[in-house]
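Novice: Got a structure for you, final_16.txt, holding compact mmCIF, C-alpha atoms.
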```txt
# COMPACT_ATOMS: atom_id res chain seq x y z
CA MET A 1 75.49 228.07 152.30
CA LYS A 2 77.71 228.23 149.22
CA ALA A 3 79.20 231.48 147.99
CA GLU A 4 77.10 232.81 145.13
CA PHE A 5 79.74 232.50 142.41
CA VAL A 6 80.57 228.95 143.51
CA GLU A 7 76.87 228.15 143.35
CA LEU A 8 76.61 229.65 139.87
CA ILE A 9 79.49 227.56 138.53
CA GLY A 10 78.49 224.41 140.40
CA LYS A 11 74.76 224.54 139.77
CA GLU A 12 73.39 222.48 136.94
CA HIS A 13 72.90 224.47 133.72
CA THR A 14 73.25 228.03 135.10
CA LEU A 15 76.61 228.57 133.41
CA ARG A 16 75.38 226.92 130.19
CA VAL A 17 72.37 229.26 130.12
CA LEU A 18 74.64 232.27 130.55
CA PHE A 19 76.90 231.16 127.69
CA ALA A 20 73.88 230.45 125.48
CA LEU A 21 72.44 233.92 126.14
CA ARG A 22 75.80 235.58 125.58
CA ALA A 23 75.93 233.90 122.17
CA THR A 24 72.32 234.72 121.25
CA SER A 25 69.99 237.14 123.01
CA PRO A 26 67.11 237.38 123.44
CA GLN A 27 65.74 233.84 123.48
CA ARG A 28 62.47 232.28 124.57
CA PHE A 29 62.24 229.38 126.99
CA GLY A 30 61.56 226.88 124.21
CA GLU A 31 64.52 228.09 122.16
CA LEU A 32 66.85 227.68 125.14
CA GLU A 33 65.38 224.27 125.90
CA ARG A 34 66.16 223.09 122.37
CA ALA A 35 69.57 224.73 122.19
CA LEU A 36 70.73 223.24 125.49
CA ASP A 37 68.81 219.95 125.21
CA VAL A 38 67.82 220.22 128.84
CA ASN A 39 64.87 219.08 130.93
CA PRO A 40 62.32 221.98 131.20
CA ALA A 41 62.11 221.77 135.00
CA GLN A 42 65.89 222.08 135.32
CA LEU A 43 65.98 224.93 132.83
CA ASP A 44 63.19 226.72 134.70
CA ARG A 45 65.16 226.45 137.96
CA ALA A 46 68.33 227.76 136.34
CA LEU A 47 66.53 230.69 134.70
CA LYS A 48 64.81 231.67 137.96
CA TRP A 49 68.09 231.56 139.87
CA LEU A 50 69.84 233.71 137.27
CA GLN A 51 66.95 236.15 136.82
CA GLU A 52 66.44 236.77 140.54
CA ARG A 53 70.08 237.79 140.81
CA LEU A 54 70.05 239.89 137.62
CA TYR A 55 72.62 237.81 135.75
CA ILE A 56 69.94 237.61 133.09
CA LEU A 57 66.92 239.81 132.34
CA ALA A 58 63.45 238.66 131.40
CA THR A 59 61.16 240.93 129.40
CA THR A 60 57.46 240.19 129.05
CA MET A 61 55.77 240.30 125.69
CA PRO A 62 52.35 239.39 124.36
CA LYS A 63 51.91 236.04 122.70
CA GLN A 64 49.07 234.74 120.64
CA GLY A 65 46.07 234.15 122.86
CA ARG A 66 46.06 235.43 126.42
CA SER A 67 49.39 234.30 127.74
CA ILE A 68 52.35 236.58 128.23
CA VAL A 69 55.75 235.10 127.53
CA ALA A 70 59.21 236.12 128.66
CA MET A 71 62.20 236.74 126.44
CA TYR A 72 65.53 236.17 128.17
CA GLU A 73 68.73 238.09 127.58
CA ILE A 74 72.05 238.36 129.33
CA GLY A 75 72.36 241.26 131.77
CA GLN A 76 75.41 243.40 132.47
CA ARG A 77 76.05 241.35 135.59
CA GLY A 78 75.96 238.08 133.64
CA ALA A 79 78.26 239.49 130.97
CA ALA A 80 80.70 240.75 133.59
CA PHE A 81 80.71 237.37 135.32
CA LEU A 82 81.48 235.55 132.05
CA ASP A 83 84.31 238.00 131.28
CA ALA A 84 85.82 237.18 134.67
CA PHE A 85 85.22 233.46 134.15
CA ASP A 86 86.89 233.58 130.71
CA SER A 87 89.97 235.17 132.28
CA PHE A 88 90.04 232.48 134.97
CA VAL A 89 89.80 229.69 132.39
CA GLN A 90 92.52 231.26 130.21
CA GLY A 91 94.75 231.66 133.27
CA ALA A 92 94.21 228.04 134.26
CA ASP A 93 94.89 226.89 130.68
CA LYS A 94 98.27 228.64 130.73
CA ARG A 95 99.24 226.85 133.94
CA ARG A 96 97.89 223.40 133.14
CA ASP A 97 101.38 221.95 133.60
CA VAL A 98 101.12 222.78 137.30
CA LEU A 99 97.36 222.62 137.82
CA GLY A 100 96.98 219.27 136.12
CA GLU A 101 95.58 218.26 132.74
CA LYS A 102 92.30 216.75 133.93
CA PRO A 103 90.90 219.56 136.11
CA VAL A 104 91.87 222.20 133.54
CA ARG A 105 90.17 220.20 130.79
CA GLU A 106 87.06 219.92 132.99
CA LEU A 107 87.10 223.67 133.55
CA ILE A 108 87.39 224.36 129.83
CA THR A 109 84.50 221.97 129.21
CA LEU A 110 82.33 224.12 131.50
CA ALA A 111 82.94 227.06 129.22
CA GLU A 112 81.97 225.19 126.04
CA MET B 1 73.63 257.81 134.39
CA ALA B 2 69.94 256.96 134.17
CA THR B 3 66.94 259.07 135.04
CA VAL B 4 64.61 256.79 136.96
CA PHE B 5 60.92 257.49 137.49
CA LEU B 6 60.18 255.48 140.65
CA LEU B 7 56.52 254.54 141.04
CA GLY B 8 54.61 252.54 143.61
CA PRO B 9 52.25 252.74 146.56
CA SER B 10 52.53 254.99 149.59
CA GLU B 11 50.46 253.28 152.28
CA TRP B 12 49.64 249.82 153.60
CA ILE B 13 46.08 248.49 153.49
CA GLY B 14 45.94 247.71 157.21
CA THR B 15 47.82 248.95 160.22
CA GLN B 16 51.31 247.60 159.87
CA THR B 17 54.33 248.48 161.91
CA GLY B 18 57.57 249.50 160.28
CA PRO B 19 58.24 251.76 157.34
CA SER B 20 55.39 252.62 154.96
CA PRO B 21 55.64 251.82 151.24
CA ARG B 22 56.37 255.55 150.69
CA GLU B 23 59.32 255.34 153.10
CA LYS B 24 60.52 252.17 151.41
CA ARG B 25 60.33 253.84 148.01
CA ARG B 26 62.38 256.70 149.39
CA GLU B 27 64.97 254.22 150.63
CA LEU B 28 65.09 252.60 147.19
CA ALA B 29 65.50 256.05 145.65
CA GLY B 30 68.49 256.56 147.97
CA ILE B 31 70.09 253.31 146.78
CA LEU B 32 69.67 254.33 143.14
CA ARG B 33 71.03 257.83 143.85
CA ASN B 34 74.08 256.30 145.54
CA HIS B 35 74.85 254.82 142.11
CA ARG B 36 74.70 258.32 140.64
CA HIS B 37 71.30 257.96 139.00
CA ARG B 38 68.75 260.75 139.00
CA VAL B 39 65.54 259.57 140.66
CA ILE B 40 62.13 261.17 140.23
CA LEU B 41 59.43 260.68 142.85
CA MET B 42 56.06 262.05 141.76
CA GLU B 43 55.31 263.53 145.18
CA ASP B 44 58.57 265.49 145.25
CA GLU B 45 58.04 267.21 141.92
CA LEU B 46 56.32 270.58 141.84
CA ASP B 47 53.39 271.13 139.50
CA ARG B 48 54.02 273.58 136.70
CA GLN B 49 51.57 276.36 136.12
CA GLY B 50 48.50 275.17 134.24
CA GLU B 51 49.64 271.56 134.41
CA ASP B 52 47.22 268.84 135.51
CA MET B 53 48.17 265.48 136.98
CA VAL B 54 48.16 263.75 133.61
CA GLY B 55 50.38 266.42 132.07
CA LYS B 56 52.79 266.25 135.00
CA PHE B 57 53.02 262.47 134.81
CA ASP B 58 53.63 262.59 131.07
CA ARG B 59 56.33 265.27 131.43
CA LEU B 60 58.16 263.26 134.09
CA LEU B 61 57.79 260.04 132.10
CA ARG B 62 59.19 261.60 128.93
CA SER B 63 62.20 262.92 130.82
CA SER B 64 63.03 259.43 132.17
CA THR B 65 65.21 256.70 130.74
CA ASP B 66 63.76 254.03 133.06
CA VAL B 67 60.61 253.47 135.07
CA VAL B 68 60.83 251.33 138.20
CA LEU B 69 57.55 250.10 139.65
CA TYR B 70 57.88 248.96 143.27
CA TRP B 71 55.10 246.47 144.08
CA PRO B 72 54.88 244.99 147.59
CA THR B 73 51.95 242.92 148.84
CA LYS B 74 49.21 244.38 151.08
CA ALA B 75 49.60 248.00 149.97
CA LYS B 76 46.93 250.46 148.83
CA MET B 77 47.30 250.52 145.08
CA SER B 78 44.65 252.98 143.87
CA THR B 79 47.11 255.76 142.99
CA THR B 80 49.47 253.24 141.44
CA TYR B 81 46.61 251.92 139.28
CA THR B 82 46.10 255.44 137.95
CA GLU B 83 49.80 255.66 137.14
CA MET B 84 49.63 252.29 135.39
CA VAL B 85 46.73 253.48 133.24
CA LEU B 86 48.74 256.58 132.32
CA LEU B 87 51.75 254.39 131.49
CA ARG B 88 49.62 252.15 129.30
CA LYS B 89 48.15 255.17 127.55
CA ALA B 90 51.62 256.66 126.99
CA GLY B 91 52.78 253.31 125.60
CA GLU B 92 50.05 253.40 123.00
CA GLU B 93 51.18 256.85 121.89
CA GLY B 94 54.91 256.28 121.60
CA PRO B 95 57.96 254.43 122.86
CA LEU B 96 58.32 254.15 126.61
CA PRO B 97 61.40 254.13 128.81
CA HIS B 98 62.50 250.68 130.05
CA LEU B 99 59.93 249.36 132.54
CA TRP B 100 61.33 247.53 135.56
CA PHE B 101 58.93 245.68 137.82
CA LEU B 102 60.39 245.27 141.30
CA HIS B 103 57.83 242.97 142.84
CA HIS B 104 57.32 240.73 145.84
CA GLU B 105 57.68 237.10 144.77
CA ASN B 106 54.04 236.35 145.67
CA VAL B 107 52.79 238.92 143.15
CA ALA B 108 53.92 237.22 139.93
CA THR B 109 56.20 234.51 138.62
CA ILE B 110 57.64 233.30 135.34
CA GLU B 111 56.95 229.59 134.95
CA ARG B 112 58.75 227.89 132.07
CA GLY B 113 58.86 231.16 130.18
CA VAL B 114 55.26 232.21 130.81
CA PHE B 115 54.57 235.28 132.98
CA LYS B 116 51.83 234.59 135.55
CA VAL B 117 50.16 237.12 137.83
CA HIS B 118 49.10 235.78 141.23
CA GLU B 119 47.41 238.92 142.53
CA PRO B 120 43.60 238.81 142.78
CA GLY B 121 40.94 240.93 141.03
CA ALA B 122 41.80 244.44 139.86
CA ARG B 123 45.47 244.03 140.78
CA SER B 124 45.75 241.17 138.33
CA ARG B 125 43.98 243.04 135.52
CA TYR B 126 46.09 246.19 135.83
CA LEU B 127 49.30 244.23 136.06
CA THR B 128 48.49 241.99 133.11
CA SER B 129 47.69 245.07 131.07
CA LEU B 130 51.04 246.60 131.98
CA ALA B 131 52.92 243.38 131.24
CA LEU B 132 51.67 243.56 127.66
CA LEU B 133 53.81 246.69 127.26
CA GLY B 134 56.96 244.72 128.05
CA ILE B 135 58.20 244.84 131.64
CA ARG B 136 61.32 243.42 133.21
CA PRO B 137 60.31 241.65 136.43
CA ILE B 138 62.72 241.46 139.35
CA PRO B 139 61.30 239.39 142.21
CA TRP B 140 62.27 239.82 145.88
CA ARG B 141 61.29 238.05 149.07
CA THR B 142 62.58 240.04 152.04
CA THR B 143 63.49 243.68 152.60
CA ASP B 144 67.15 242.68 152.43
CA ASP B 145 66.52 241.05 149.03
CA LEU B 146 64.75 244.20 147.90
CA ARG B 147 67.72 246.40 148.85
CA GLU B 148 70.24 244.05 147.26
CA ARG B 149 68.29 243.73 144.02
CA THR B 150 67.76 247.47 143.81
CA ALA B 151 71.53 247.91 144.06
CA LEU B 152 72.02 245.28 141.32
CA LEU B 153 69.44 247.07 139.22
CA ALA B 154 71.29 250.34 139.75
CA ALA B 155 74.42 248.69 138.32
CA GLU B 156 72.43 247.31 135.39
CA LEU B 157 71.14 250.79 134.58
CA GLY B 158 74.76 251.80 134.01
```
Let me see whether you can do it: turn the structure in this file into structure tokens.
Specialist:
Amino acid sequence: MKAEFVELIGKEHTLRVLFALRATSPQRFGELERALDVNPAQLDRALKWLQERLYILATTMPKQGRSIVAMYEIGQRGAAFLDAFDSFVQGADKRRDVLGEKPVRELITLAE
Amino acid sequence: MATVFLLGPSEWIGTQTGPSPREKRRELAGILRNHRHRVILMEDELDRQGEDMVGKFDRLLRSSTDVVLYWPTKAKMSTTYTEMVLLRKAGEEGPLPHLWFLHHENVATIERGVFKVHEPGARSRYLTSLALLGIRPIPWRTTDDLRERTALLAAELG
């Protein structure tokens, strides 16, 4: 079993969802789907993973008709993780001469 | 520091071994208190003179910053239903504290952004009605998950 933070960074779209919700919160599923241009099944998996662990929060609200939709926003845990991740990326960027150009560039790409 | 009104059932439907829902709620209250939050349990609060159950619930609700509803499967929910009706009524009359829904994963899910209740009959109706007020679901699977997520919630409450 992977460590949770490693899983978060390595999992498809979880980090992208966190960055998207840090930039704009709250957002509906459809808005995130369009913003990230991601397959809905993959987005659903990423949102569930993040919500279960309180990196993001979902709040229910009535929609037209009988369905109840969720609005997603970043939680304090998600914000704290991104703060720590930003520091890690900045630290790696400063030492790219030693760490190597390619892996540092890949890391920075994750944060874009 | 938050003031948390912790709601939920007290007994199981059948004869189950292990801690009752009331004991589990008390354990959750302990986790929240360890994070320096004030936790209100309805059964621990004394009635004030001339106060009925509705008045007491409303007083405790209005003094809270957050409501946490603990919802396991296979518990007797009749008292909780009453509390949900009172919550709904209070929501129609004014702004409510944040509503957190700490539920077993079999109770409800969010599928592609749509909240779905999987409980049968009256459970589904009451819960759907509450969800219209705006709840924040936090699913859990095992007792260990429940403890861990309650601790994460405590951190979220600040």
Novice: From the set A:Ala20, A:Glu7, A:Asp44, A:Ala70, which residue has the shortest atom-to-atom contact distance to Ala131 of chain B, counting all atoms listed in the file?
Specialist: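 Closest candidate: A:Ala70.
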Novice: Kindly determine which residues of chain B lie within 10 Å of chain A, considering only C-alpha atoms, and give the answer as a PyMOL selection string.
Specialist: chain B and resi 98-101+105+109-117+128-140+145+148-149+152-153+155-158
Novice: Quick one: of A:Leu82, A:Ile56, A:Ala23, A:Val17, who's nearest to Val38 of chain A, counting all atoms listed in the file?
Specialist: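 Looking at the shortest contact to Val38 of chain A, the residue is A:Val17.
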Novice: Counting only C-alpha atoms, which residues sit no farther than 9 Å from the position (64.1, 252.1, 130.6) in the file's frame? I'd like them as a short mmCIF file (atom, residue, chain, number, x, y, z; two decimals) with C-alpha atoms, keeping the file's coordinate frame.
Specialist:
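What follows is the written file point-v4.cif:
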```
data_model
loop_
_atom_site.label_atom_id
_atom_site.label_comp_id
_atom_site.auth_asym_id
_atom_site.auth_seq_id
_atom_site.Cartn_x
_atom_site.Cartn_y
_atom_site.Cartn_z
CA ALA B 2 69.94 256.96 134.17
CA THR B 3 66.94 259.07 135.04
CA VAL B 4 64.61 256.79 136.96
CA SER B 64 63.03 259.43 132.17
CA THR B 65 65.21 256.70 130.74
CA ASP B 66 63.76 254.03 133.06
CA VAL B 67 60.61 253.47 135.07
CA VAL B 68 60.83 251.33 138.20
CA LEU B 96 58.32 254.15 126.61
CA PRO B 97 61.40 254.13 128.81
CA HIS B 98 62.50 250.68 130.05
CA LEU B 99 59.93 249.36 132.54
CA TRP B 100 61.33 247.53 135.56
CA LEU B 157 71.14 250.79 134.58
#
```
Novice: Determine the nearest neighbour of Ser63 of chain B from the options B:Met84, B:Ile31, B:Ile40, B:Ala75, counting all atoms listed in the file.
Specialist: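 Of the candidates, the smallest distance to Ser63 of chain B is held by B:Ile40.
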Novice: Using only C-alpha atoms, determine which residues lie at most 8 Å from segment 95-110 of chain A, disregarding the query and same-chain residues fewer than 3 positions distant; provide the list as a list in words.
Specialist: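 In the requested format, the answer is Leu15, Arg16, Val89, Gly91 and Ala92 of chain A.
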Novice: Mind dumping the selected residues with C-alpha atoms as an mmCIF file, keeping the file's coordinate frame?
Specialist:
```
data_model
loop_
_atom_site.group_PDB
_atom_site.id
_atom_site.type_symbol
_atom_site.label_atom_id
_atom_site.label_comp_id
_atom_site.auth_asym_id
_atom_site.auth_seq_id
_atom_site.Cartn_x
_atom_site.Cartn_y
_atom_site.Cartn_z
ATOM 1 C CA LEU A 15 76.610 228.570 133.410
ATOM 2 C CA ARG A 16 75.380 226.920 130.190
ATOM 3 C CA VAL A 89 89.800 229.690 132.390
ATOM 4 C CA GLY A 91 94.750 231.660 133.270
ATOM 5 C CA ALA A 92 94.210 228.040 134.260
#
```
Novice: With distances taken over all atoms listed in the file, which of B:Thr79, B:Gln49, B:Asn106, B:Thr150 is nearest to Leu32 of chain B?
Specialist: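 Between B:Thr79, B:Gln49, B:Asn106, B:Thr150, the residue approaching Leu32 of chain B most closely is B:Thr150.
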Novice: Quick check, in Å to one decimal: how far apart do atom CA of Phe81 of chain A and atom CA of Glu27 of chain B lie?
Specialist: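 Those two atoms sit 27.7 Å apart.
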Novice: Would you compute the distance between atom CA of Ala46 of chain A and atom CA of Glu12 of chain A? Give it in Å to one decimal.
Specialist: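 Separation of atom CA of Ala46 of chain A and atom CA of Glu12 of chain A: 7.3 Å.
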Novice: Mind giving me the straight-line distance from atom CA of Asp144 of chain B to atom CA of Leu8 of chain A in Å, one decimal?
Specialist: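 Result for atom CA of Asp144 of chain B versus atom CA of Leu8 of chain A: 20.4 Å, one decimal.
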Novice: Quick one: residues within 9 Å of Met42 of chain B, all atoms listed in the file counted, chain neighbours fewer than 6 positions away excluded, as a PyMOL selection string?
Specialist: chain B and resi 5-7+56-57+60
